[in-house]
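**Student:** Sharing a structure here in structure tokens format.
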Amino acid sequence: MSGAFFVEPADVDGDRLVLVDDEAHHVRVRRHREGDLIDVIDGVGCAYRVRVGSMAPKRVEAEIVESRPEWGESPVCLHLAVAVPKGSRFDLVVEKGTEVGVASIVPMLTERGLVRPDREGQRVERWRRLARSAAKQCGRSRVPRIGEPVELPTATDELARRCGRLLVADAQAGEALTDALQGGDGPVALFIGPEGGFEPTEWTALKERGARPFTWGERTLRAETAAVVLSALVLDTATRQSVTHEEGA
């Protein structure tokens, strides 16, 4: 699947669905006609192959030919918490994090971060639009949840409740990723700090919640690069470990 359209879950009814407004317009812009097969995602876990029916400027009705639950989704649920960098660099985290398969993205406000809450609130909706667009482009059935920016202790507390394994990237003093993933199951949280690194008090808060530092090698990565590359690495490693565990059970 590539270049899917988006349907609101409420606009799916039995074996029919309706694309409205911008999505209906995009169907026409891409020169689809009645009878064409197109791909549609609902953003909450299902993808559809549908046949285009009646078309109007702001409404396209379609027949569902095939439903594909959890299409394009990783078997591992990864929640990514990233210190918000300056400028538009967090856009890359959202776009590419969506493409590699993260389940949610938590923008964090840290001591050494360069962005404060009053400057970030207006950007959240844009991040959410970027996530939806990236999910459509790569064809995954879920759009990652993009939270409001929160202070690191709040992010740590929330993700500790939701996840069985907490990881924090540390180029200097971490253990191997395969070891850091041991000793737990269920969703994984990955914390990426600012380029200046976490403050000692922040490290203490993370470790008190059970976060395990891991290292990936000797190269220093920019925060947005680390967020994307290490998310892909964690998803791949955790998936391989899960498969190995199931085969050995």
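Here, A, B, ... name the chains of the structure tokens in the order displayed, residue numbers run from 1 inside each chain, and ligands are numbered from 1 in the same displayed order.
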Tell me, as a list in words, which residues lie within 8 Å of Glu151 (chain A), counting only C-alpha atoms; anything in the same chain fewer than 6 positions away does not count.
**Tutor:**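 Residues near the query, excluding close chain neighbours: Met108, Leu109 and Thr110 of chain A.
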**Student:** Write out, as a short mmCIF file (atom, residue, chain, number, x, y, z; two decimals), in the first residue's frame, the residues just selected, with C-alpha atoms.
**Tutor:**
data_model
loop_
_atom_site.label_atom_id
_atom_site.label_comp_id
_atom_site.auth_asym_id
_atom_site.auth_seq_id
_atom_site.Cartn_x
_atom_site.Cartn_y
_atom_site.Cartn_z
CA MET A 108 9.28 16.91 26.22
CA LEU A 109 10.36 20.16 27.82
CA THR A 110 13.74 19.68 29.51
#
**Student:** What's the 10 Å shell around Gly101 (chain A), counting only C-alpha atoms, without same-chain residues fewer than 6 positions away, as a ChimeraX atom specification?
**Tutor:** /A:72-79,135,138,140,142-144,228,231-232,235
**Student:** Of the candidates A:Arg16, A:Gly186, A:Arg123, A:Arg165, which one gets nearest to Arg89 (chain A) if we count only C-alpha atoms?
**Tutor:**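 Answer, going by the shortest atom-to-atom distance: A:Arg123.
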**Student:** Could you name the residues that touch Asp13 (chain A) at 12 Å or less, counting only C-alpha atoms, but leaving out those on the same chain fewer than 3 positions away, as a list in words?
**Tutor:** Val7, Glu8, Pro9, Ala10, Arg16, Leu17, Val18, Leu19, Glu61, Ala62, Glu63 and Ile64 of chain A
**Student:** As an MDAnalysis selection string, please: all residues of region 153-249 of chain A that backbone DSSP puts in helix (DSSP H, G or I).
**Tutor:** chainID A and resid 153:162 177:180 200:208 223:248
**Student:** If you run DSSP on the backbone here, which positions in region 71-241 of chain A get strand (DSSP E or B)? Please write them as a PyMOL selection string.
**Tutor:** chain A and resi 78-83+104-109+142+145-146+150-151+165-169+175+188-192+212-214
**Student:** Hey, what's within 7 Å of region 201-218 of chain A if we count only C-alpha atoms and toss same-chain stuff fewer than 6 positions away? As a PDB file with C-alpha atoms, in the first residue's frame, please?
**Tutor:**
ATOM      1  CA  PRO A 153       8.823  14.294  35.058  1.00  0.00           C
ATOM      2  CA  THR A 156       8.308   9.846  32.773  1.00  0.00           C
ATOM      3  CA  ALA A 160       6.144   4.361  33.374  1.00  0.00           C
ATOM      4  CA  LEU A 166      11.760   2.197  29.637  1.00  0.00           C
ATOM      5  CA  LEU A 167      14.884   3.014  27.645  1.00  0.00           C
ATOM      6  CA  VAL A 168      16.985   6.157  27.508  1.00  0.00           C
ATOM      7  CA  ALA A 169      19.620   6.802  24.871  1.00  0.00           C
ATOM      8  CA  ASP A 170      23.102   7.374  26.319  1.00  0.00           C
ATOM      9  CA  ALA A 171      26.078   7.363  23.968  1.00  0.00           C
ATOM     10  CA  GLN A 172      28.591   7.318  26.811  1.00  0.00           C
ATOM     11  CA  ALA A 173      27.547   4.955  29.580  1.00  0.00           C
ATOM     12  CA  GLY A 174      24.734   2.753  28.370  1.00  0.00           C
ATOM     13  CA  GLU A 175      24.509  -1.012  28.031  1.00  0.00           C
ATOM     14  CA  ALA A 176      23.838  -2.956  24.850  1.00  0.00           C
ATOM     15  CA  LEU A 177      20.287  -2.506  23.552  1.00  0.00           C
ATOM     16  CA  ALA A 180      18.454  -3.084  28.096  1.00  0.00           C
TER      17      ALA A 180
END
**Student:** Given the choices A:Glu111, A:Asp236, A:Glu70, A:Glu224, which gets closest to Gly87 (chain A) if the distance is worked out from only C-alpha atoms?
**Tutor:**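 Closest to Gly87 (chain A) of all the choices is A:Glu224.
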**Student:** Go ahead and compute the interatomic distance for CA of Ser67 (chain A) and CA of Arg30 (chain A), in Å to one decimal.
**Tutor:**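 Straight-line distance from CA of Ser67 (chain A) to CA of Arg30 (chain A) works out to 22.5 Å.
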